[in-house]
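Novice: Next comes the structure file query-v1.cif, holding mmCIF, C-alpha atoms and all ligand atoms.
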data_input
#
loop_
_atom_site.label_atom_id
_atom_site.label_comp_id
_atom_site.auth_asym_id
_atom_site.auth_seq_id
_atom_site.Cartn_x
_atom_site.Cartn_y
_atom_site.Cartn_z
CA MET A 895 -54.83 -120.49 -119.67
CA THR A 896 -58.08 -121.02 -117.82
CA VAL A 897 -59.74 -124.39 -118.29
CA ALA A 898 -63.48 -124.11 -117.74
CA LEU A 899 -65.04 -127.03 -115.92
CA ALA A 900 -67.78 -127.04 -118.53
CA ASP A 901 -65.21 -127.90 -121.22
CA LEU A 902 -64.44 -131.24 -119.61
CA ASP A 903 -66.19 -134.51 -120.20
CA GLU A 904 -68.44 -135.99 -117.56
CA PRO A 905 -66.90 -137.51 -114.43
CA LEU A 906 -66.43 -141.28 -114.52
CA ARG A 907 -69.42 -143.29 -113.37
CA LEU A 908 -70.64 -146.88 -113.45
CA LEU A 909 -74.17 -146.19 -112.21
CA ASP A 910 -76.30 -143.48 -113.75
CA ALA A 911 -78.71 -141.31 -111.78
CA ASP A 912 -81.43 -143.95 -112.19
CA GLY A 913 -79.20 -146.71 -110.88
CA ALA A 914 -78.66 -148.33 -114.29
CA LEU A 915 -75.19 -149.62 -115.17
CA VAL A 916 -73.25 -147.39 -117.57
CA HIS A 917 -71.06 -149.04 -120.22
CA GLY A 918 -68.59 -147.30 -122.51
CA ALA A 919 -64.99 -147.27 -123.66
CA GLU A 920 -63.76 -145.77 -120.37
CA THR A 921 -65.83 -147.83 -117.99
CA GLU A 922 -64.95 -151.47 -118.66
CA ARG A 923 -61.74 -151.62 -116.65
CA TRP A 924 -63.56 -150.06 -113.71
CA HIS A 925 -66.46 -152.48 -114.02
CA ALA A 926 -63.93 -155.30 -113.82
CA LEU A 927 -62.78 -153.95 -110.43
CA ALA A 928 -66.31 -153.23 -109.18
CA ASP A 929 -67.25 -156.83 -109.98
CA ALA A 930 -65.27 -157.78 -106.85
CA LEU A 931 -68.25 -156.45 -104.86
CA THR A 932 -70.67 -159.27 -104.09
CA LEU A 933 -74.38 -158.61 -103.74
CA GLU A 934 -73.88 -158.85 -99.96
CA ASP A 935 -71.20 -156.16 -100.18
CA ARG A 936 -73.54 -153.91 -102.15
CA ILE A 937 -76.31 -154.43 -99.60
CA ALA A 938 -73.81 -153.66 -96.83
CA MET A 939 -72.91 -150.44 -98.65
CA GLN A 940 -76.57 -149.47 -98.79
CA ARG A 941 -77.01 -150.26 -95.10
CA ALA A 942 -73.98 -148.12 -94.16
CA MET A 943 -75.36 -145.17 -96.13
CA VAL A 944 -78.93 -145.45 -94.82
CA VAL A 945 -77.90 -145.90 -91.19
CA THR A 946 -75.47 -143.00 -91.45
CA ARG A 947 -78.11 -140.73 -92.91
CA ALA A 948 -80.60 -141.58 -90.15
CA VAL A 949 -78.01 -140.87 -87.45
CA ASP A 950 -76.98 -137.72 -89.31
CA MET A 951 -80.54 -136.34 -89.28
CA GLU A 952 -80.95 -137.27 -85.62
CA ALA A 953 -77.67 -135.57 -84.70
CA ARG A 954 -78.84 -132.42 -86.44
CA ASN A 955 -82.03 -132.50 -84.36
CA LEU A 956 -80.01 -133.04 -81.20
CA GLN A 957 -77.89 -130.01 -82.04
CA ARG A 958 -81.04 -127.95 -82.53
CA GLN A 959 -82.11 -129.02 -79.05
CA GLY A 960 -78.82 -127.85 -77.58
CA ARG A 961 -77.39 -131.33 -76.99
CA LEU A 962 -74.47 -130.91 -79.41
CA GLY A 963 -72.42 -127.78 -79.91
CA LEU A 964 -72.29 -128.34 -83.67
CA TRP A 965 -73.15 -130.92 -86.29
CA VAL A 966 -71.61 -131.38 -89.73
CA PRO A 967 -73.94 -133.26 -92.08
CA SER A 968 -72.79 -135.74 -94.73
CA VAL A 969 -76.21 -135.98 -96.39
CA GLY A 970 -75.78 -136.35 -100.17
CA GLN A 971 -72.11 -137.35 -99.97
CA GLU A 972 -72.61 -140.91 -98.73
CA GLY A 973 -72.13 -142.61 -102.12
CA GLY A 974 -68.51 -141.74 -102.75
CA GLN A 975 -67.69 -142.19 -99.09
CA VAL A 976 -69.05 -145.70 -98.91
CA GLY A 977 -67.18 -146.66 -102.07
CA MET A 978 -63.89 -145.38 -100.70
CA ALA A 979 -64.50 -147.05 -97.34
CA PHE A 980 -65.10 -150.43 -98.98
CA ALA A 981 -62.04 -149.89 -101.18
CA MET A 982 -59.77 -149.73 -98.14
CA ARG A 983 -58.15 -152.90 -96.87
CA ASP A 984 -58.10 -153.83 -93.23
CA GLN A 985 -54.54 -152.66 -92.55
CA ASP A 986 -55.03 -149.23 -94.16
CA THR A 987 -55.27 -145.94 -92.30
CA VAL A 988 -57.63 -143.04 -92.99
CA PHE A 989 -57.27 -139.43 -91.95
CA PRO A 990 -60.75 -137.96 -92.32
CA SER A 991 -61.85 -134.35 -92.24
CA TYR A 992 -65.11 -133.86 -90.25
CA ARG A 993 -67.81 -134.90 -92.74
CA GLU A 994 -66.79 -138.51 -93.39
CA HIS A 995 -69.36 -140.20 -91.18
CA VAL A 996 -69.85 -143.15 -93.55
CA ILE A 997 -66.14 -143.86 -93.72
CA ALA A 998 -65.75 -143.61 -89.95
CA HIS A 999 -68.77 -145.89 -89.43
CA VAL A 1000 -67.54 -148.54 -91.88
CA ARG A 1001 -64.11 -148.56 -90.22
CA GLY A 1002 -65.76 -149.23 -86.85
CA VAL A 1003 -65.95 -145.85 -85.14
CA GLU A 1004 -68.90 -145.94 -82.70
CA TRP A 1005 -71.58 -143.32 -83.26
CA MET A 1006 -71.13 -141.94 -79.75
CA GLN A 1007 -67.44 -141.38 -80.45
CA ILE A 1008 -68.46 -139.05 -83.26
CA VAL A 1009 -71.24 -137.46 -81.22
CA ASP A 1010 -68.76 -136.84 -78.39
CA VAL A 1011 -66.53 -134.83 -80.72
CA PHE A 1012 -69.45 -132.54 -81.52
CA ARG A 1013 -70.59 -132.41 -77.88
CA GLY A 1014 -67.14 -131.07 -77.08
CA ALA A 1015 -66.68 -134.04 -74.77
CA ARG A 1016 -63.73 -135.63 -76.56
CA HIS A 1017 -60.37 -133.94 -76.70
CA GLY A 1018 -57.97 -136.74 -77.59
CA GLY A 1019 -57.77 -139.15 -80.48
CA TRP A 1020 -59.60 -142.35 -81.27
CA ASP A 1021 -57.82 -145.64 -80.67
CA PRO A 1022 -56.68 -146.70 -84.17
CA ALA A 1023 -56.71 -150.37 -83.16
CA ALA A 1024 -60.43 -150.10 -82.32
CA THR A 1025 -61.32 -148.01 -85.36
CA ARG A 1026 -59.33 -149.98 -87.93
CA GLY A 1027 -56.99 -147.06 -88.49
CA CYS A 1028 -59.58 -144.27 -88.59
CA ARG A 1029 -57.95 -141.20 -87.06
CA ILE A 1030 -60.07 -138.64 -85.24
CA TYR A 1031 -61.79 -135.86 -87.17
CA SER A 1032 -59.97 -132.61 -87.77
CA LEU A 1033 -61.86 -129.35 -87.87
CA VAL A 1034 -58.77 -127.44 -88.96
CA ILE A 1035 -59.00 -127.41 -92.74
CA ALA A 1036 -56.41 -129.56 -94.56
CA THR A 1037 -54.15 -130.02 -91.57
CA GLN A 1038 -54.66 -133.78 -91.76
CA SER A 1039 -53.22 -133.81 -95.29
CA LEU A 1040 -49.82 -133.28 -93.67
CA HIS A 1041 -50.45 -135.80 -90.90
CA ALA A 1042 -51.44 -138.33 -93.55
CA THR A 1043 -48.43 -137.58 -95.73
CA GLY A 1044 -45.99 -137.94 -92.85
CA TYR A 1045 -47.69 -141.12 -91.75
CA ALA A 1046 -47.54 -142.53 -95.28
CA MET A 1047 -43.83 -141.68 -95.52
CA GLY A 1048 -43.41 -143.56 -92.25
CA VAL A 1049 -45.20 -146.59 -93.70
CA THR A 1050 -42.58 -146.66 -96.46
CA MET A 1051 -39.76 -146.37 -93.92
CA ASP A 1052 -41.27 -149.30 -92.03
CA GLY A 1053 -40.95 -151.41 -95.18
CA ALA A 1054 -44.71 -151.95 -95.40
CA VAL A 1055 -44.95 -150.90 -99.06
CA GLY A 1056 -44.21 -152.75 -102.24
CA THR A 1057 -43.55 -156.24 -100.89
CA GLY A 1058 -46.19 -157.58 -103.26
CA ASP A 1059 -48.57 -158.72 -100.53
CA VAL A 1060 -51.79 -156.68 -100.84
CA GLU A 1061 -53.09 -158.15 -97.60
CA ARG A 1062 -50.09 -156.80 -95.68
CA ASP A 1063 -48.76 -153.72 -97.45
CA GLU A 1064 -50.33 -150.51 -96.25
CA ALA A 1065 -51.92 -147.54 -97.92
CA VAL A 1066 -53.16 -144.29 -96.41
CA LEU A 1067 -56.31 -142.41 -97.34
CA VAL A 1068 -56.81 -138.73 -96.60
CA CYS A 1069 -60.11 -136.92 -97.11
CA TYR A 1070 -60.84 -133.26 -97.51
CA GLY A 1071 -63.09 -130.85 -99.37
CA ASP A 1072 -62.71 -128.63 -102.41
CA GLY A 1073 -62.16 -125.61 -100.16
CA ALA A 1074 -59.30 -127.36 -98.37
CA THR A 1075 -57.41 -127.59 -101.66
CA SER A 1076 -56.82 -123.82 -101.34
CA GLN A 1077 -54.83 -124.34 -98.15
CA GLY A 1078 -51.03 -124.42 -98.31
CA ASP A 1079 -51.05 -127.66 -96.33
CA ALA A 1080 -52.87 -129.44 -99.16
CA SER A 1081 -50.28 -128.31 -101.72
CA GLU A 1082 -47.40 -129.28 -99.45
CA SER A 1083 -48.96 -132.70 -99.05
CA LEU A 1084 -49.11 -133.08 -102.84
CA VAL A 1085 -45.44 -132.16 -103.19
CA PHE A 1086 -44.10 -134.35 -100.41
CA SER A 1087 -46.22 -137.41 -101.12
CA SER A 1088 -45.19 -137.22 -104.77
CA THR A 1089 -41.49 -136.62 -104.10
CA PHE A 1090 -41.30 -139.49 -101.64
CA ASP A 1091 -43.62 -141.85 -103.55
CA ALA A 1092 -45.69 -142.05 -100.38
CA PRO A 1093 -48.50 -144.65 -100.36
CA LEU A 1094 -51.14 -141.92 -100.08
CA VAL A 1095 -54.51 -141.56 -101.77
CA THR A 1096 -56.28 -138.23 -101.46
CA TYR A 1097 -60.08 -138.22 -101.68
CA VAL A 1098 -61.40 -134.74 -102.41
CA GLN A 1099 -65.12 -134.26 -102.05
CA ASP A 1100 -65.99 -131.42 -104.37
CA ASN A 1101 -69.37 -130.72 -102.78
CA LYS A 1102 -69.48 -127.41 -104.65
CA TRP A 1103 -69.34 -125.10 -101.66
CA ALA A 1104 -66.66 -124.18 -99.11
CA ILE A 1105 -69.25 -122.73 -96.75
CA SER A 1106 -70.50 -119.92 -99.05
CA VAL A 1107 -67.62 -119.90 -101.57
CA PRO A 1108 -68.36 -121.94 -104.70
CA SER A 1109 -65.67 -124.39 -105.73
CA ARG A 1110 -65.55 -122.93 -109.25
CA VAL A 1111 -63.92 -119.73 -107.97
CA GLN A 1112 -61.23 -121.56 -106.03
CA SER A 1113 -59.35 -123.17 -108.87
CA ARG A 1114 -58.54 -122.00 -112.39
CA THR A 1115 -58.05 -125.62 -113.39
CA PRO A 1116 -60.06 -128.67 -112.41
CA LEU A 1117 -58.63 -130.13 -109.24
CA HIS A 1118 -57.65 -133.49 -110.70
CA LEU A 1119 -55.60 -131.70 -113.37
CA ARG A 1120 -53.89 -129.68 -110.68
CA ALA A 1121 -52.97 -132.90 -108.87
CA ARG A 1122 -51.56 -134.40 -112.07
CA GLY A 1123 -49.26 -131.39 -112.27
CA PHE A 1124 -47.85 -132.47 -108.92
CA GLY A 1125 -47.20 -135.97 -110.24
CA HIS A 1126 -50.27 -137.72 -108.85
CA ARG A 1127 -52.37 -140.20 -110.78
CA ALA A 1128 -55.67 -138.35 -110.64
CA HIS A 1129 -59.28 -139.14 -111.51
CA TRP A 1130 -62.57 -137.28 -111.63
CA ILE A 1131 -65.47 -139.48 -110.55
CA ASP A 1132 -69.18 -139.19 -109.90
CA GLY A 1133 -69.18 -138.82 -106.12
CA ASN A 1134 -72.74 -140.13 -105.81
CA ASP A 1135 -71.89 -143.47 -107.41
CA PRO A 1136 -70.59 -146.00 -104.85
CA LEU A 1137 -69.39 -148.41 -107.54
CA ILE A 1138 -67.01 -146.07 -109.33
CA ALA A 1139 -65.71 -144.78 -106.00
CA PHE A 1140 -64.98 -148.35 -104.95
CA ALA A 1141 -63.31 -149.25 -108.25
CA VAL A 1142 -61.12 -146.16 -108.51
CA GLY A 1143 -60.42 -146.16 -104.78
CA ARG A 1144 -59.37 -149.82 -104.81
CA ALA A 1145 -57.14 -149.32 -107.86
CA GLU A 1146 -55.46 -146.26 -106.37
CA LEU A 1147 -55.00 -147.67 -102.87
CA ASP A 1148 -53.54 -150.88 -104.29
CA ALA A 1149 -51.21 -148.95 -106.61
CA ALA A 1150 -50.08 -146.82 -103.67
CA ARG A 1151 -49.45 -149.87 -101.49
CA ALA A 1152 -47.52 -151.49 -104.33
CA GLY A 1153 -45.08 -148.59 -104.25
CA SER A 1154 -46.33 -146.63 -107.27
CA GLY A 1155 -46.71 -143.38 -105.34
CA PRO A 1156 -49.73 -141.24 -104.60
CA GLY A 1157 -53.17 -141.14 -106.18
CA TYR A 1158 -55.85 -138.47 -106.16
CA VAL A 1159 -59.59 -138.89 -106.56
CA VAL A 1160 -61.90 -135.93 -107.01
CA ALA A 1161 -65.57 -136.70 -106.37
CA ASP A 1162 -68.23 -134.64 -108.08
CA THR A 1163 -70.87 -134.46 -105.36
CA TYR A 1164 -73.06 -132.04 -103.45
CA ARG A 1165 -73.59 -131.09 -99.84
CA MET A 1166 -77.37 -131.37 -99.60
CA GLY A 1167 -77.61 -129.81 -96.17
CA ALA A 1168 -76.06 -126.82 -94.51
CA HIS A 1169 -72.29 -126.62 -94.18
CA THR A 1170 -72.81 -127.09 -90.43
CA THR A 1171 -75.68 -126.36 -88.10
CA SER A 1172 -74.24 -122.82 -87.84
CA ASP A 1173 -74.82 -122.12 -91.52
CA ASP A 1174 -77.82 -121.00 -93.61
CA PRO A 1175 -77.30 -122.11 -97.24
CA THR A 1176 -80.45 -120.31 -98.43
CA ARG A 1177 -78.35 -117.13 -98.19
CA TYR A 1178 -76.05 -118.15 -101.03
CA ARG A 1179 -77.48 -120.94 -103.18
CA SER A 1180 -80.68 -121.67 -105.07
CA SER A 1181 -83.38 -124.23 -104.41
CA GLU A 1182 -83.15 -125.20 -108.13
CA GLU A 1183 -79.54 -126.23 -107.61
CA GLU A 1184 -80.49 -128.29 -104.58
CA ALA A 1185 -83.39 -129.95 -106.40
CA ALA A 1186 -81.13 -130.92 -109.32
CA TRP A 1187 -78.79 -132.71 -106.94
CA GLN A 1188 -81.67 -134.28 -105.04
CA ARG A 1189 -82.35 -136.29 -108.19
CA ARG A 1190 -78.85 -137.75 -107.94
CA ASP A 1191 -79.25 -139.00 -104.38
CA PRO A 1192 -76.73 -141.83 -103.84
CA ILE A 1193 -79.07 -143.81 -101.58
CA ALA A 1194 -81.91 -143.87 -104.11
CA ARG A 1195 -79.38 -144.68 -106.83
CA LEU A 1196 -77.89 -147.72 -105.13
CA ALA A 1197 -81.39 -148.86 -104.05
CA ALA A 1198 -82.44 -148.86 -107.72
CA HIS A 1199 -79.35 -150.86 -108.62
CA LEU A 1200 -80.06 -153.38 -105.86
CA ARG A 1201 -83.66 -153.80 -106.99
CA ALA A 1202 -82.37 -154.44 -110.51
CA GLN A 1203 -80.13 -157.15 -108.99
CA GLY A 1204 -83.21 -158.83 -107.50
CA VAL A 1205 -83.11 -157.40 -103.97
CA GLU A 1206 -86.61 -157.30 -102.47
CA ASP A 1207 -88.21 -154.12 -101.16
CA ALA A 1208 -88.75 -155.90 -97.83
CA LEU A 1209 -85.00 -156.05 -97.31
CA LEU A 1210 -84.62 -152.36 -98.05
CA ARG A 1211 -87.44 -151.63 -95.58
CA ASN A 1212 -85.62 -153.68 -92.94
CA ILE A 1213 -82.56 -151.51 -93.46
CA ASP A 1214 -84.72 -148.41 -92.95
CA GLU A 1215 -86.04 -149.83 -89.68
CA GLU A 1216 -82.58 -150.76 -88.50
CA ALA A 1217 -81.45 -147.21 -89.30
CA ALA A 1218 -84.34 -145.70 -87.34
CA ASP A 1219 -83.48 -147.92 -84.35
CA THR A 1220 -79.83 -146.92 -84.48
CA ALA A 1221 -80.73 -143.23 -84.64
CA ALA A 1222 -83.12 -143.63 -81.69
CA ASP A 1223 -80.36 -145.35 -79.74
CA VAL A 1224 -77.96 -142.49 -80.48
CA ARG A 1225 -80.62 -140.03 -79.30
CA ARG A 1226 -81.20 -141.93 -76.07
CA ARG A 1227 -77.50 -142.25 -75.33
CA THR A 1228 -76.83 -138.59 -76.10
CA LEU A 1229 -79.60 -137.49 -73.74
CA GLU A 1230 -78.15 -139.73 -71.03
CA ALA A 1231 -74.51 -138.71 -71.60
CA SER A 1232 -72.75 -136.62 -69.00
CA SER A 1233 -69.94 -134.17 -69.60
CA PRO A 1234 -66.38 -135.05 -68.61
CA PRO A 1235 -64.80 -132.91 -65.88
CA SER A 1236 -63.45 -129.77 -67.53
CA ASP A 1237 -59.89 -130.25 -66.24
CA VAL A 1238 -59.28 -133.31 -68.47
CA ILE A 1239 -58.92 -130.97 -71.44
CA PHE A 1240 -55.41 -130.24 -70.14
CA ASP A 1241 -54.37 -133.84 -69.62
CA HIS A 1242 -53.38 -135.03 -73.10
CA VAL A 1243 -51.84 -131.89 -74.59
CA TYR A 1244 -48.24 -132.80 -73.73
CA THR A 1245 -46.61 -136.11 -72.89
CA ASP A 1246 -44.66 -134.67 -69.97
CA PRO A 1247 -45.72 -132.25 -67.21
CA HIS A 1248 -45.94 -128.69 -68.51
CA GLU A 1249 -45.89 -125.85 -66.00
CA PRO A 1250 -47.90 -123.15 -67.87
CA LEU A 1251 -50.60 -125.71 -68.57
CA ALA A 1252 -50.66 -126.81 -64.93
CA GLN A 1253 -51.23 -123.17 -63.97
CA GLN A 1254 -54.06 -122.84 -66.47
CA LYS A 1255 -55.64 -126.00 -65.11
CA LEU A 1256 -55.49 -124.57 -61.59
CA ALA A 1257 -56.89 -121.22 -62.76
CA LEU A 1258 -59.85 -122.95 -64.39
CA ALA A 1259 -60.53 -125.00 -61.26
CA GLU A 1260 -60.48 -121.83 -59.13
CA PHE A 1261 -62.74 -120.01 -61.59
CA GLU A 1262 -65.24 -122.89 -61.66
CA ALA A 1263 -65.19 -123.04 -57.85
CA THR A 1264 -66.66 -119.52 -57.83
CA PHE A 1265 -69.86 -121.04 -59.25
CA GLY A 1266 -70.24 -123.18 -56.16
CA GLY A 1267 -70.14 -126.50 -58.04
CA ASP A 1268 -72.67 -125.34 -60.66
CA ALA A 1269 -70.28 -124.50 -63.54
C1 LIG B 1 -57.36 -123.59 -91.22
C2 LIG B 1 -58.81 -123.25 -91.25
N1 LIG B 1 -59.23 -122.16 -91.92
C3 LIG B 1 -60.54 -121.85 -91.95
C4 LIG B 1 -61.45 -122.63 -91.29
C5 LIG B 1 -62.93 -122.27 -91.34
N2 LIG B 1 -63.65 -123.22 -92.20
C6 LIG B 1 -64.34 -124.25 -91.67
S1 LIG B 1 -65.03 -125.19 -92.84
C7 LIG B 1 -64.44 -124.23 -94.10
C8 LIG B 1 -64.75 -124.55 -95.54
C9 LIG B 1 -64.28 -125.91 -95.93
O1 LIG B 1 -64.73 -126.25 -97.20
P1 LIG B 1 -64.32 -127.59 -97.89
O2 LIG B 1 -62.87 -127.85 -97.71
O3 LIG B 1 -64.83 -127.55 -99.29
O4 LIG B 1 -65.06 -128.72 -97.05
P2 LIG B 1 -66.60 -128.97 -96.81
O5 LIG B 1 -66.90 -128.36 -95.47
O6 LIG B 1 -67.36 -128.36 -97.93
O7 LIG B 1 -66.75 -130.45 -96.75
C10 LIG B 1 -63.70 -123.18 -93.58
C11 LIG B 1 -63.05 -122.14 -94.40
C12 LIG B 1 -60.97 -123.76 -90.58
N3 LIG B 1 -61.81 -124.58 -89.94
N4 LIG B 1 -59.66 -124.06 -90.58
#
What does this structure look like when you write it as structure tokens?
Ligand SMILES: Cc1ncc(C[n+]2csc(CCOP(=O)(O)OP(=O)(O)O)c2C)c(N)n1
Specialist:
Amino acid sequence: MTVALADLDEPLRLLDADGALVHGAETERWHALADALTLEDRIAMQRAMVVTRAVDMEARNLQRQGRLGLWVPSVGQEGGQVGMAFAMRDQDTVFPSYREHVIAHVRGVEWMQIVDVFRGARHGGWDPAATRGCRIYSLVIATQSLHATGYAMGVTMDGAVGTGDVERDEAVLVCYGDGATSQGDASESLVFSSTFDAPLVTYVQDNKWAISVPSRVQSRTPLHLRARGFGHRAHWIDGNDPLIAFAVGRAELDAARAGSGPGYVVADTYRMGAHTTSDDPTRYRSSEEEAAWQRRDPIARLAAHLRAQGVEDALLRNIDEEAADTAADVRRRTLEASSPPSDVIFDHVYTDPHEPLAQQKLALAEFEATFGGDA
């Protein structure tokens, strides 16, 4: 039987589109969890979103000027991301996709580390000790769902699950999009994490489009119902509401670390920009659809909530200025950045010397030499 998305109730939310708190039978237990967020935390969430958006827009401009090979915008999806990022505990690990700039930023990934990925200047991983467990982006759809599952199974084998100490036990977050759920890897991850009670939480950003394919044609059943069929505790949340993302994310990560097995969170959100700078969304979606989602902007929503909590406009303006400064700094550093020598792309593929690769490295060096040092 086909279950139409329209037949379902609304996704869970604690903040409505105007930033007012929502109360109802389903919300109170989530409010109780969101209450752990102090006003300072909420301001920090707003700062992370605003700074990320400013850098995001600047990176898009830099790509247009030929300074980056590609850029993948997160504009519009910052709300759910910031909630999930704040829901993680220090010892947790996250395997992002390529659009989780807020999560990477909150974990401590430097902006230039992200820019370097899209300049094609970074070929290895990020140091998990320096990024509080944020693994490098993956541009191969859903592949990181398997990395995350295996890693989470390893956490269990290390005895770092279910000891009762939430400050020590570990949970793993993996992020991907609605389109990635169509990949076999994503289904295998659901099976294995469920079978092995792995401490894994999957955060699916249903941003409505897998490039030009709408999410509604990719699944006959809503994605959270599919995940329940695999034995995951699954939720459908408003992906532009940082508070519900925090509450559900915190509950699921803590349940996973306690040994209760995997959780699954589907965020109802929207990719406001192009899929990447190589894409033209005007070819496949309407400006009415975009305008409707514009009214649900997570940054405006949390700003309204903060104002209602007594935060002054001057503070919000300071955040805007800080964001503009950060973006300008990223621009300056990108313009100044040099490219690594091309032969390093061979250096971290295998642990041990590898003859065919050594030959390829030599062949590239000989080819580049034909340009007389101007390759
Ligand atoms: C294994 C694989 N197949 C195809 C692609 C090409 N591709 C890049 S992005 C994308 C759509 C992804 O959509 P979704 O998972 O919804 O994530 P979003 O980009 O919307 O965040 C596809 C098919 C790829 N990168 N990797």
Novice: Rounded to one decimal in Å, what is the spacing between CA of Glu1262 (chain A) and CA of Leu964 (chain A)?
Specialist: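 A separation of 23.7 Å between them.
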Novice: Around (-59.8, -136.4, -91.8) in the file's frame, which residues reach within 8 Å when counting all atoms listed in the file? Return as a PyMOL selection string?
Specialist: chain A and resi 988-992+994+1029-1032+1038-1039+1068-1070
Novice: For a test of reading the model, state the distance in Å between CA of Gly977 (chain A) and CA of Ala1141 (chain A), rounded to one decimal.
Specialist: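 Distance between the two atoms: 7.7 Å.
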Novice: My list of candidates is A:Gly1018, A:Gly963, A:Pro1250, A:Gly973. Which is closest to Leu1137 (chain A) when distances are computed with all atoms listed in the file?
Specialist: A:Gly973
Novice: Which polymer residues have any atom within 12 Å of an atom of Ala1194 (chain A), counting only C-alpha atoms, with same-chain residues fewer than 6 positions away left out, as a PyMOL selection string?
Specialist: chain A and resi 909-914+940+943-944+970+972-973+1134-1136+1187-1188+1200-1201+1210
Novice: Might you pull out every residue within 12 Å of Lys1255 (chain A), with all atoms listed in the file counted and same-chain residues fewer than 5 positions away left off, and present them as a PyMOL selection string?
Specialist: chain A and resi 1235-1241+1243+1247-1250+1260-1262
Novice: Quick one: write out the picked residues with C-alpha atoms as a PDB file, keeping the file's coordinate frame?
Specialist:
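After the write, part07.pdb holds the following:
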ATOM      1  CA  PRO A1235     -64.800-132.910 -65.880  1.00  0.00           C
ATOM      2  CA  SER A1236     -63.450-129.770 -67.530  1.00  0.00           C
ATOM      3  CA  ASP A1237     -59.890-130.250 -66.240  1.00  0.00           C
ATOM      4  CA  VAL A1238     -59.280-133.310 -68.470  1.00  0.00           C
ATOM      5  CA  ILE A1239     -58.920-130.970 -71.440  1.00  0.00           C
ATOM      6  CA  PHE A1240     -55.410-130.240 -70.140  1.00  0.00           C
ATOM      7  CA  ASP A1241     -54.370-133.840 -69.620  1.00  0.00           C
ATOM      8  CA  VAL A1243     -51.840-131.890 -74.590  1.00  0.00           C
ATOM      9  CA  PRO A1247     -45.720-132.250 -67.210  1.00  0.00           C
ATOM     10  CA  HIS A1248     -45.940-128.690 -68.510  1.00  0.00           C
ATOM     11  CA  GLU A1249     -45.890-125.850 -66.000  1.00  0.00           C
ATOM     12  CA  PRO A1250     -47.900-123.150 -67.870  1.00  0.00           C
ATOM     13  CA  GLU A1260     -60.480-121.830 -59.130  1.00  0.00           C
ATOM     14  CA  PHE A1261     -62.740-120.010 -61.590  1.00  0.00           C
ATOM     15  CA  GLU A1262     -65.240-122.890 -61.660  1.00  0.00           C
TER      16      GLU A1262
END
Novice: Pick out the residues sitting within 7 Å of Gly1073 (chain A), and hand them over as a short mmCIF file (atom, residue, chain, number, x, y, z; two decimals) with C-alpha atoms, in the frame of the given file; count only C-alpha atoms, and ignore anything fewer than 2 positions along from it in its own chain.
Specialist:
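The result, written out as result.cif:
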data_model
loop_
_atom_site.label_atom_id
_atom_site.label_comp_id
_atom_site.auth_asym_id
_atom_site.auth_seq_id
_atom_site.Cartn_x
_atom_site.Cartn_y
_atom_site.Cartn_z
CA GLY A 1071 -63.09 -130.85 -99.37
CA THR A 1075 -57.41 -127.59 -101.66
CA SER A 1076 -56.82 -123.82 -101.34
CA ALA A 1104 -66.66 -124.18 -99.11
CA SER A 1109 -65.67 -124.39 -105.73
#
Novice: Can you list, as a VMD selection string, every protein, DNA or RNA residue that comes within 12 Å of Val1205 (chain A) when you count only C-alpha atoms, leaving out same-chain residues fewer than 3 positions away?
Specialist: chain A and resid 933 to 934 936 to 937 940 1196 to 1202 1208 to 1212
Novice: Store the residues of this selection in a file with C-alpha atoms, as a short mmCIF file (atom, residue, chain, number, x, y, z; two decimals), keeping the file's coordinate frame.
Specialist:
data_model
loop_
_atom_site.label_atom_id
_atom_site.label_comp_id
_atom_site.auth_asym_id
_atom_site.auth_seq_id
_atom_site.Cartn_x
_atom_site.Cartn_y
_atom_site.Cartn_z
CA LEU A 933 -74.38 -158.61 -103.74
CA GLU A 934 -73.88 -158.85 -99.96
CA ARG A 936 -73.54 -153.91 -102.15
CA ILE A 937 -76.31 -154.43 -99.60
CA GLN A 940 -76.57 -149.47 -98.79
CA LEU A 1196 -77.89 -147.72 -105.13
CA ALA A 1197 -81.39 -148.86 -104.05
CA ALA A 1198 -82.44 -148.86 -107.72
CA HIS A 1199 -79.35 -150.86 -108.62
CA LEU A 1200 -80.06 -153.38 -105.86
CA ARG A 1201 -83.66 -153.80 -106.99
CA ALA A 1202 -82.37 -154.44 -110.51
CA ALA A 1208 -88.75 -155.90 -97.83
CA LEU A 1209 -85.00 -156.05 -97.31
CA LEU A 1210 -84.62 -152.36 -98.05
CA ARG A 1211 -87.44 -151.63 -95.58
CA ASN A 1212 -85.62 -153.68 -92.94
#
Novice: Using only C-alpha atoms, find the one residue out of A:Thr932, A:Thr1245, A:Thr987, A:Asn1101 that sits nearest to Asp1162 (chain A).
Specialist: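 Among A:Thr932, A:Thr1245, A:Thr987, A:Asn1101, it is A:Asn1101 that comes nearest to Asp1162 (chain A).
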Novice: Which one of A:Arg954, A:Arg1165, A:Arg1120, A:Arg1225 sits closest to Arg993 (chain A) if you count all atoms listed in the file?
Specialist: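 That would be A:Arg1165, the residue with the smallest distance to Arg993 (chain A).
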Novice: Could you give me, as a PyMOL selection string, the residues that sit within 10 Å of (-58.9, -139.5, -105.6) in the file's coordinates, counting all atoms listed in the file?
Specialist: chain A and resi 978+1067-1069+1094-1099+1118+1121+1126-1131+1139+1142-1143+1146-1147+1156-1161
Novice: Point out the residue among A:Glu922, A:Glu1184, A:Asp1072, A:Asp1052 with the least atom-to-atom distance to ligand LIG 1 (chain B), counting all atoms listed in the file.
Specialist: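 The closest residue to ligand LIG 1 (chain B) is A:Asp1072.
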Novice: What does the structure give for the distance between atom C9 of ligand LIG 1 (chain B) and CA of Arg941 (chain A), in Å to one decimal?
Specialist: 27.5 Å
